[in-house]
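Listing of upload.txt, compact mmCIF, C-alpha atoms
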# COMPACT_ATOMS: atom_id res chain seq x y z
CA MET A 249 36.78 18.70 3.80
CA LYS A 250 33.47 19.60 5.44
CA THR A 251 30.03 20.04 3.88
CA GLN A 252 26.40 19.83 4.85
CA VAL A 253 25.36 16.97 2.53
CA ALA A 254 27.75 14.40 1.06
CA ILE A 255 26.24 12.91 -2.09
CA ILE A 256 27.60 9.60 -3.32
CA GLY A 257 26.96 9.18 -7.03
CA GLY A 258 27.29 11.68 -9.87
CA GLY A 259 24.41 10.50 -12.00
CA PRO A 260 21.21 12.46 -12.56
CA SER A 261 19.71 11.93 -9.09
CA GLY A 262 22.87 12.97 -7.23
CA LEU A 263 23.39 15.99 -9.47
CA LEU A 264 19.75 17.05 -9.26
CA LEU A 265 19.79 16.84 -5.46
CA SER A 266 23.02 18.84 -5.33
CA GLN A 267 21.67 21.56 -7.64
CA LEU A 268 18.35 21.84 -5.79
CA LEU A 269 20.16 22.15 -2.45
CA TYR A 270 22.36 24.85 -3.98
CA THR A 271 19.28 26.92 -4.88
CA ARG A 272 18.49 27.05 -1.14
CA GLY A 273 22.04 27.80 -0.03
CA ILE A 274 22.73 24.27 1.26
CA GLU A 275 26.25 23.00 0.57
CA SER A 276 27.02 19.60 -0.90
CA VAL A 277 29.87 17.58 -2.37
CA VAL A 278 29.28 14.94 -5.05
CA LEU A 279 31.49 11.85 -5.29
CA GLU A 280 31.51 9.88 -8.57
CA ARG A 281 33.54 6.69 -9.14
CA LYS A 282 33.77 7.19 -12.92
CA THR A 283 34.74 10.09 -15.16
CA LYS A 284 32.26 12.68 -16.39
CA ASP A 285 32.69 11.40 -19.96
CA TYR A 286 31.87 7.87 -18.83
CA VAL A 287 28.69 8.99 -17.05
CA LEU A 288 27.59 10.90 -20.15
CA SER A 289 28.27 7.89 -22.40
CA ARG A 290 25.67 5.71 -20.67
CA ILE A 291 22.56 5.16 -22.78
CA ARG A 292 19.41 5.39 -20.70
CA ALA A 293 15.70 6.03 -21.10
CA GLY A 294 14.22 9.40 -21.82
CA VAL A 295 10.51 9.65 -20.91
CA LEU A 296 10.13 12.36 -18.25
CA GLU A 297 7.14 12.83 -15.98
CA GLN A 298 5.99 16.38 -15.29
CA GLY A 299 7.17 16.00 -11.70
CA LEU A 300 10.75 15.63 -12.92
CA VAL A 301 10.30 18.49 -15.38
CA GLY A 302 9.12 20.66 -12.48
CA LEU A 303 12.16 19.74 -10.38
CA LEU A 304 14.48 20.61 -13.28
CA GLU A 305 12.70 23.95 -13.60
CA GLU A 306 13.14 24.59 -9.88
CA ALA A 307 16.81 23.69 -10.22
CA GLY A 308 17.21 26.17 -13.11
CA CYS A 309 18.10 23.38 -15.56
CA ALA A 310 15.11 23.13 -17.88
CA ASP A 311 15.82 25.66 -20.63
CA ARG A 312 17.26 23.20 -23.17
CA LEU A 313 14.67 20.60 -22.22
CA HIS A 314 11.88 23.05 -23.13
CA ARG A 315 13.62 23.89 -26.42
CA GLU A 316 14.47 20.36 -27.52
CA GLY A 317 12.21 18.00 -25.56
CA LEU A 318 9.31 16.34 -27.34
CA PRO A 319 5.99 16.56 -25.46
CA HIS A 320 3.95 13.39 -25.92
CA ASP A 321 0.21 13.56 -25.37
CA GLY A 322 -0.31 9.81 -25.66
CA THR A 323 1.12 6.41 -26.53
CA LEU A 324 0.18 3.55 -28.84
CA ILE A 325 -0.36 -0.07 -27.80
CA SER A 326 -0.56 -2.89 -30.33
CA TYR A 327 -1.32 -6.59 -30.30
CA GLY A 328 -0.79 -8.34 -33.60
CA ASP A 329 -1.89 -5.87 -36.28
CA GLU A 330 -4.39 -4.20 -33.95
CA MET A 331 -3.35 -0.86 -32.45
CA PHE A 332 -5.02 1.70 -30.19
CA ARG A 333 -4.03 4.93 -28.51
CA ILE A 334 -4.04 6.03 -24.87
CA ASP A 335 -4.56 9.81 -24.72
CA PHE A 336 -2.65 11.18 -21.73
CA THR A 337 -3.90 14.76 -21.94
CA GLN A 338 -7.53 13.71 -22.38
CA HIS A 339 -7.40 11.55 -19.26
CA THR A 340 -5.01 13.56 -17.07
CA GLY A 341 -4.46 16.96 -18.69
CA THR A 342 -0.73 16.19 -18.61
CA PRO A 343 1.77 15.02 -21.24
CA VAL A 344 5.13 13.37 -20.74
CA VAL A 345 8.30 14.75 -22.34
CA VAL A 346 10.76 12.68 -24.36
CA TYR A 347 14.24 13.96 -23.52
CA GLY A 348 17.19 11.62 -23.07
CA GLN A 349 18.54 10.90 -19.60
CA THR A 350 22.00 11.65 -20.95
CA GLU A 351 20.82 15.15 -21.86
CA VAL A 352 19.31 15.64 -18.40
CA THR A 353 22.65 14.65 -16.88
CA ARG A 354 24.55 16.95 -19.25
CA ASP A 355 22.35 19.90 -18.28
CA LEU A 356 22.84 19.18 -14.57
CA TYR A 357 26.62 18.94 -14.93
CA ALA A 358 26.64 22.29 -16.72
CA ALA A 359 24.60 23.86 -13.92
CA ARG A 360 26.79 22.45 -11.16
CA GLU A 361 29.96 23.59 -12.94
CA GLU A 362 28.55 27.08 -13.51
CA ALA A 363 27.69 27.30 -9.82
CA GLY A 364 31.16 26.12 -8.80
CA GLY A 365 29.79 22.93 -7.29
CA VAL A 366 32.32 20.44 -5.94
CA ILE A 367 32.30 17.12 -7.84
CA GLU A 368 35.07 14.60 -7.27
CA PHE A 369 35.56 12.04 -10.07
CA ASN A 370 37.43 8.73 -10.11
CA VAL A 371 36.84 8.15 -6.42
CA GLU A 372 37.60 4.72 -5.01
CA ASP A 373 37.27 2.86 -1.71
CA VAL A 374 34.25 4.92 -0.62
CA ALA A 375 33.10 4.13 2.92
CA ILE A 376 30.35 5.72 5.00
CA HIS A 377 31.04 6.04 8.73
CA GLY A 378 28.87 6.98 11.69
CA ALA A 379 25.62 7.23 9.73
CA ASP A 380 23.71 5.95 12.75
CA GLY A 381 25.04 8.83 14.86
CA ASP A 382 25.12 12.62 14.72
CA THR A 383 28.50 13.08 13.01
CA PRO A 384 28.69 10.99 9.84
CA TYR A 385 31.66 11.17 7.52
CA VAL A 386 32.77 9.63 4.25
CA THR A 387 36.25 8.39 3.40
CA TYR A 388 37.57 7.64 -0.09
CA THR A 389 40.68 7.78 -2.24
CA VAL A 390 41.53 9.64 -5.43
CA ASP A 391 44.69 8.58 -7.28
CA GLY A 392 45.78 6.72 -4.16
CA GLU A 393 45.36 9.76 -1.90
CA ALA A 394 43.11 9.23 1.14
CA ARG A 395 40.43 11.87 1.67
CA ARG A 396 37.61 12.52 4.13
CA ILE A 397 34.38 14.52 4.12
CA ASP A 398 32.68 15.43 7.39
CA CYS A 399 29.01 16.18 6.88
CA ASP A 400 25.56 16.44 8.45
CA PHE A 401 23.89 13.92 6.11
CA VAL A 402 24.81 11.38 3.42
CA ALA A 403 22.70 10.84 0.29
CA GLY A 404 23.35 7.49 -1.38
CA CYS A 405 22.68 8.02 -5.09
CA ASP A 406 25.23 5.42 -6.19
CA GLY A 407 23.05 2.76 -7.78
CA PHE A 408 22.40 -0.88 -7.05
CA HIS A 409 26.09 -1.83 -6.88
CA GLY A 410 27.16 1.16 -4.77
CA VAL A 411 28.23 1.19 -1.13
CA SER A 412 25.29 3.12 0.29
CA ARG A 413 22.67 0.38 0.53
CA LYS A 414 25.25 -2.11 1.80
CA THR A 415 26.15 0.32 4.59
CA ILE A 416 22.75 -0.28 6.16
CA PRO A 417 23.16 -3.41 8.33
CA ALA A 418 21.71 -6.57 6.82
CA ASP A 419 19.52 -7.17 9.87
CA VAL A 420 17.95 -3.74 9.34
CA ARG A 421 17.25 -4.09 5.62
CA THR A 422 14.45 -6.07 4.01
CA GLU A 423 14.87 -6.67 0.27
CA TYR A 424 12.21 -7.65 -2.25
CA GLU A 425 13.09 -8.87 -5.74
CA LYS A 426 11.55 -10.31 -8.88
CA VAL A 427 13.79 -11.34 -11.80
CA TYR A 428 12.02 -11.54 -15.15
CA PRO A 429 12.82 -14.46 -17.49
CA PHE A 430 13.78 -12.22 -20.41
CA GLY A 431 15.65 -9.06 -21.34
CA TRP A 432 15.40 -6.20 -23.82
CA LEU A 433 17.74 -6.05 -26.79
CA GLY A 434 17.97 -2.38 -27.71
CA ILE A 435 19.58 -0.43 -30.51
CA LEU A 436 20.11 3.26 -31.11
CA SER A 437 20.07 4.39 -34.74
CA GLU A 438 20.34 7.71 -36.55
CA THR A 439 17.00 7.22 -38.26
CA PRO A 440 13.63 9.00 -37.96
CA PRO A 441 11.20 7.28 -35.56
CA VAL A 442 8.62 5.00 -37.16
CA ASN A 443 5.89 6.96 -35.37
CA HIS A 444 5.75 10.30 -33.60
CA GLU A 445 4.52 8.49 -30.47
CA LEU A 446 5.89 5.45 -28.66
CA ILE A 447 4.53 2.05 -29.68
CA TYR A 448 4.32 -0.73 -27.09
CA ALA A 449 3.83 -3.94 -29.06
CA ASN A 450 2.59 -7.31 -27.84
CA SER A 451 3.11 -10.02 -30.46
CA GLU A 452 3.25 -13.81 -30.50
CA ARG A 453 7.00 -13.47 -31.06
CA GLY A 454 7.51 -11.26 -28.00
CA PHE A 455 7.38 -7.65 -26.90
CA ALA A 456 8.75 -4.70 -28.89
CA LEU A 457 9.03 -0.98 -28.20
CA CYS A 458 9.46 1.79 -30.75
CA SER A 459 10.84 4.90 -29.09
CA MET A 460 12.99 7.90 -29.93
CA ARG A 461 15.43 10.47 -28.56
CA ASN A 462 14.78 13.20 -31.12
CA PRO A 463 13.34 13.47 -34.66
CA ASN A 464 16.49 11.92 -36.13
CA LEU A 465 17.54 9.48 -33.41
CA SER A 466 15.48 6.36 -32.70
CA ARG A 467 15.60 3.81 -29.92
CA TYR A 468 14.07 0.38 -30.52
CA TYR A 469 13.79 -2.71 -28.31
CA ILE A 470 12.76 -6.32 -28.71
CA GLN A 471 12.21 -8.91 -25.99
CA CYS A 472 14.98 -11.51 -25.97
CA ARG A 473 16.25 -14.38 -23.82
CA ALA A 474 17.74 -13.33 -20.53
CA ASP A 475 21.00 -15.10 -21.46
CA ASP A 476 21.16 -13.70 -25.00
CA SER A 477 24.04 -11.56 -26.27
CA PRO A 478 24.08 -8.54 -28.60
CA ASP A 479 26.78 -10.39 -30.56
CA ASN A 480 24.11 -12.86 -31.66
CA TRP A 481 22.21 -10.13 -33.46
CA SER A 482 23.28 -8.40 -36.65
CA ASP A 483 21.58 -5.10 -37.42
CA GLU A 484 19.71 -6.79 -40.27
CA ALA A 485 18.44 -9.56 -38.00
CA PHE A 486 17.26 -7.02 -35.44
CA TRP A 487 15.33 -4.94 -37.98
CA GLU A 488 13.67 -8.02 -39.49
CA GLU A 489 12.57 -9.26 -36.07
CA LEU A 490 11.26 -5.82 -35.08
CA LYS A 491 9.17 -5.68 -38.26
CA ARG A 492 7.58 -9.03 -37.37
CA ARG A 493 6.49 -7.73 -33.95
CA ILE A 494 4.85 -4.42 -34.83
CA PRO A 495 1.70 -3.84 -36.93
CA ALA A 496 2.25 -4.33 -40.66
CA ASP A 497 1.39 -0.72 -41.52
CA GLN A 498 4.05 0.50 -39.07
CA ALA A 499 6.62 -2.06 -40.28
CA ALA A 500 6.12 -0.80 -43.84
CA LYS A 501 7.13 2.72 -42.72
CA LEU A 502 10.14 1.68 -40.64
CA VAL A 503 13.38 3.37 -41.72
CA THR A 504 16.36 1.16 -40.92
CA GLY A 505 20.05 1.94 -40.67
CA PRO A 506 23.26 0.96 -38.90
CA SER A 507 23.09 0.83 -35.11
CA ILE A 508 25.31 3.21 -33.18
CA GLU A 509 24.73 1.33 -29.91
CA LYS A 510 23.43 -2.15 -29.15
CA SER A 511 22.95 -3.70 -25.73
CA ILE A 512 20.77 -6.01 -23.65
CA ALA A 513 19.05 -4.82 -20.48
CA PRO A 514 17.85 -7.45 -17.99
CA LEU A 515 14.45 -6.87 -16.42
CA ARG A 516 14.00 -7.00 -12.68
CA SER A 517 12.06 -5.45 -9.84
CA PHE A 518 13.88 -4.66 -6.60
CA VAL A 519 13.04 -2.67 -3.48
CA THR A 520 14.91 -2.31 -0.22
CA GLU A 521 13.30 -1.07 2.98
CA PRO A 522 13.88 1.24 4.75
CA MET A 523 15.38 3.94 2.54
CA ARG A 524 16.84 5.76 5.55
CA TRP A 525 19.22 4.64 8.25
CA GLY A 526 20.16 7.36 10.69
CA ARG A 527 21.65 10.16 8.62
CA LEU A 528 22.04 8.05 5.47
CA PHE A 529 19.33 8.28 2.80
CA LEU A 530 19.04 6.08 -0.30
CA CYS A 531 17.89 7.54 -3.63
CA GLY A 532 17.13 5.96 -6.99
CA ASP A 533 18.65 2.63 -7.98
CA ALA A 534 20.43 2.37 -4.63
CA ALA A 535 16.98 1.65 -3.19
CA HIS A 536 14.84 0.32 -6.04
CA ILE A 537 14.84 -0.92 -9.62
CA VAL A 538 11.86 -1.22 -11.94
CA PRO A 539 11.46 -2.92 -15.31
CA PRO A 540 11.82 -0.28 -18.05
CA THR A 541 8.35 -1.04 -19.42
CA GLY A 542 6.70 1.80 -17.51
CA ALA A 543 9.57 4.32 -17.97
CA LYS A 544 9.80 4.78 -14.19
CA GLY A 545 13.50 4.38 -13.34
CA LEU A 546 14.70 7.98 -13.66
CA ASN A 547 11.31 9.34 -12.63
CA LEU A 548 11.28 7.33 -9.40
CA ALA A 549 14.77 8.59 -8.60
CA ALA A 550 13.45 12.12 -9.13
CA SER A 551 10.58 11.58 -6.71
CA ASP A 552 13.08 10.36 -4.10
CA VAL A 553 15.06 13.54 -4.67
CA HIS A 554 11.86 15.57 -4.24
CA TYR A 555 11.15 14.06 -0.83
CA LEU A 556 14.76 14.23 0.36
CA TYR A 557 15.43 17.75 -0.92
CA ASN A 558 12.30 19.11 0.73
CA GLY A 559 13.05 17.28 3.97
CA LEU A 560 16.59 18.69 4.08
CA ARG A 561 15.40 22.16 3.08
CA GLU A 562 12.83 22.07 5.89
CA PHE A 563 15.48 20.91 8.37
CA TYR A 564 17.96 23.66 7.53
CA GLU A 565 15.40 26.43 7.11
CA THR A 566 13.04 25.72 10.02
CA GLY A 567 14.81 23.20 12.22
CA SER A 568 11.99 20.67 11.74
CA SER A 569 13.03 17.07 11.16
CA GLU A 570 9.59 15.84 10.05
CA GLY A 571 10.53 15.73 6.35
CA ILE A 572 13.67 13.67 6.87
CA ASP A 573 12.00 11.50 9.51
CA ARG A 574 9.22 10.60 7.06
CA TYR A 575 11.44 10.40 3.98
CA SER A 576 11.50 6.61 3.73
CA GLU A 577 7.76 6.29 4.37
CA ARG A 578 6.83 8.86 1.73
CA ALA A 579 9.29 7.67 -0.88
CA LEU A 580 8.38 3.99 -0.50
CA ALA A 581 4.65 4.68 -0.81
CA ARG A 582 5.27 6.04 -4.30
CA VAL A 583 7.92 3.44 -5.14
CA TRP A 584 5.56 0.51 -4.59
CA LYS A 585 2.85 2.09 -6.74
CA ALA A 586 5.36 2.52 -9.57
CA GLU A 587 6.58 -1.06 -9.07
CA ARG A 588 2.99 -2.24 -9.39
CA PHE A 589 2.44 -0.32 -12.62
CA SER A 590 5.70 -1.53 -14.19
CA TRP A 591 4.91 -5.13 -13.17
CA TRP A 592 1.38 -4.91 -14.59
CA PHE A 593 2.41 -3.23 -17.85
CA SER A 594 5.12 -5.84 -18.35
CA SER A 595 2.63 -8.63 -17.68
CA VAL A 596 0.27 -7.55 -20.48
CA THR A 597 2.92 -6.76 -23.11
CA HIS A 598 5.48 -9.59 -22.86
CA GLN A 599 5.51 -13.28 -23.67
CA TYR A 600 6.42 -15.42 -20.65
CA PRO A 601 7.95 -18.89 -21.11
CA ASP A 602 5.50 -20.54 -18.71
CA GLN A 603 2.31 -19.00 -20.15
CA SER A 604 -0.49 -21.47 -20.81
CA PRO A 605 -3.09 -21.04 -23.58
CA PHE A 606 -5.43 -19.77 -20.85
CA ASP A 607 -2.84 -17.18 -19.76
CA LEU A 608 -2.47 -15.95 -23.33
CA LYS A 609 -6.26 -15.59 -23.66
CA MET A 610 -6.33 -13.58 -20.44
CA GLN A 611 -3.54 -11.33 -21.70
CA ARG A 612 -5.47 -10.67 -24.92
CA ALA A 613 -8.65 -10.02 -22.95
CA GLU A 614 -6.79 -7.54 -20.75
CA LEU A 615 -5.59 -5.62 -23.82
CA GLU A 616 -9.01 -5.63 -25.43
CA PHE A 617 -10.59 -4.43 -22.17
CA LEU A 618 -8.02 -1.63 -22.02
CA ARG A 619 -8.82 -0.70 -25.61
CA ALA A 620 -12.56 -0.45 -24.92
CA ASN A 621 -12.72 0.89 -21.37
CA GLU A 622 -12.11 4.57 -20.61
CA ALA A 623 -11.65 3.97 -16.88
CA ALA A 624 -8.85 1.47 -17.60
CA GLN A 625 -7.26 3.93 -20.02
CA LYS A 626 -7.43 6.69 -17.43
CA ALA A 627 -5.74 4.47 -14.85
CA LEU A 628 -2.93 3.67 -17.28
CA ALA A 629 -2.56 7.33 -18.25
CA GLU A 630 -2.43 8.49 -14.61
CA ASN A 631 0.31 6.00 -13.82
CA TYR A 632 2.28 6.63 -17.00
CA VAL A 633 2.42 10.43 -16.66
CA GLY A 634 3.29 10.00 -12.99
CA LEU A 635 1.32 9.83 -9.77
CA PRO A 636 1.47 13.01 -7.67
CA TYR A 637 4.27 13.45 -5.17

Please express what this file holds, its structure, as structure tokens.
Amino acid sequence: MKTQVAIIGGGPSGLLLSQLLYTRGIESVVLERKTKDYVLSRIRAGVLEQGLVGLLEEAGCADRLHREGLPHDGTLISYGDEMFRIDFTQHTGTPVVVYGQTEVTRDLYAAREEAGGVIEFNVEDVAIHGADGDTPYVTYTVDGEARRIDCDFVAGCDGFHGVSRKTIPADVRTEYEKVYPFGWLGILSETPPVNHELIYANSERGFALCSMRNPNLSRYYIQCRADDSPDNWSDEAFWEELKRRIPADQAAKLVTGPSIEKSIAPLRSFVTEPMRWGRLFLCGDAAHIVPPTGAKGLNLAASDVHYLYNGLREFYETGSSEGIDRYSERALARVWKAERFSWWFSSVTHQYPDQSPFDLKMQRAELEFLRANEAAQKALAENYVGLPY
């Protein structure tokens, strides 16, 4: 098989890149190691920056998002029983949109299928060859049958555990990592959200987040030990702990119910440099991971896609290689700013095991400064809704 761009990974970033390339007449093939049903069963975040919304519009995949997505003009931050609001539209003129990552992926699959896009599922033994030359190719197997794709470029959208990043020689890569000493225990429940906006809660018992997927589907998180297990938490125990961590007036309104999904997400920051090696480009979690506190994971993957798509479009339409030559530089500049925001937001909302009384006083002072200072609120709002591409 031959194509212009081989895309490894059939999650939202790989699908979005494939669909955007299609709109410009650029061929691609997507390789996914799991089934479509498996990809759509993964529970992920759902706060979308306007940059991602714009890319979905350009890809022709935003109709359902505009019908069902929930625009959010602000967010709430609490400490103890105190709570204040950050107004996104006042400070930036821009809201975010709450729309589940699973739904984004579903819309992209539908668009690729309608366009007759080639997606191979259940691929194994993927290997990238010749990426440092002019004729890269990808080999893999499906049901034991060996296959090969010859291509002009390879886009590695296959996550942290995929083959793409590992294809870049170790002496070329520099990796940066911070592992946080806690995780998030999250549940999904068919209950109305406790508030129409997200609540980020700092309490003496640990962080909590009240979020939602739609008016009848809520997503809640509480900070837990990094080595904890969902099996240690009954639904009742989770709800009681959540109530202890959010303001009393919000806890009194909380509607509880059986969880339909329960899991623990570890928190870590990770960046690899560079994000390009020859004709191989890394996108999304293959290149970087952020703590979920700032809702940047999917949005950072989208900004990677923006830079790569426009670089490839420029190459095929004008012959200029400037966009692909500067891909890593441009993508990483935005990645590190998002890493900074996620690190900072985590630092003021979570309880750390090594915090001293002085550290706790500084954390409280930071929150009270944020509550009182419009410039600090504007900085948070600008980062939360997404820095410009």

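Atom CA of Ser451 of chain A to atom CA of Tyr327 of chain A spans 5.6 Å [interatomic distance, one decimal].
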
- What is the atom CA of Phe593 of chain A-atom CA of Leu515 of chain A distance in Å, reported with one decimal?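 Going from atom CA of Phe593 of chain A over to atom CA of Leu515 of chain A covers 12.7 Å.
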
Exercise for the section: Write out as a list in words which residues come within 12 Å of Glu616 of chain A when counting all atoms listed in the file, dropping same-chain ones fewer than 2 positions away. Expected result: Ile325, Ser326, Tyr327, Gly328, Glu330, Met331, Phe332, Asn450, Val596, Lys609, Met610, Gln611, Arg612, Ala613, Glu614, Leu618, Arg619, Ala620, Asn621, Glu622, Ala624 and Gln625 of chain A

Counting all atoms listed in the file, what is within 10 Å of segment 555-561 of chain A, bar same-chain residues fewer than 5 positions away, as an MDAnalysis selection string?
-> chainID A and resid 252:253 264:269 272:274 401 403 529:531 550 566:579 637

- Grab the atom CA of Asp406 of chain A to atom CA of Glu393 of chain A distance for me, in Å with one decimal place.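 One can read the atom CA of Asp406 of chain A to atom CA of Glu393 of chain A distance as 21.0 Å.
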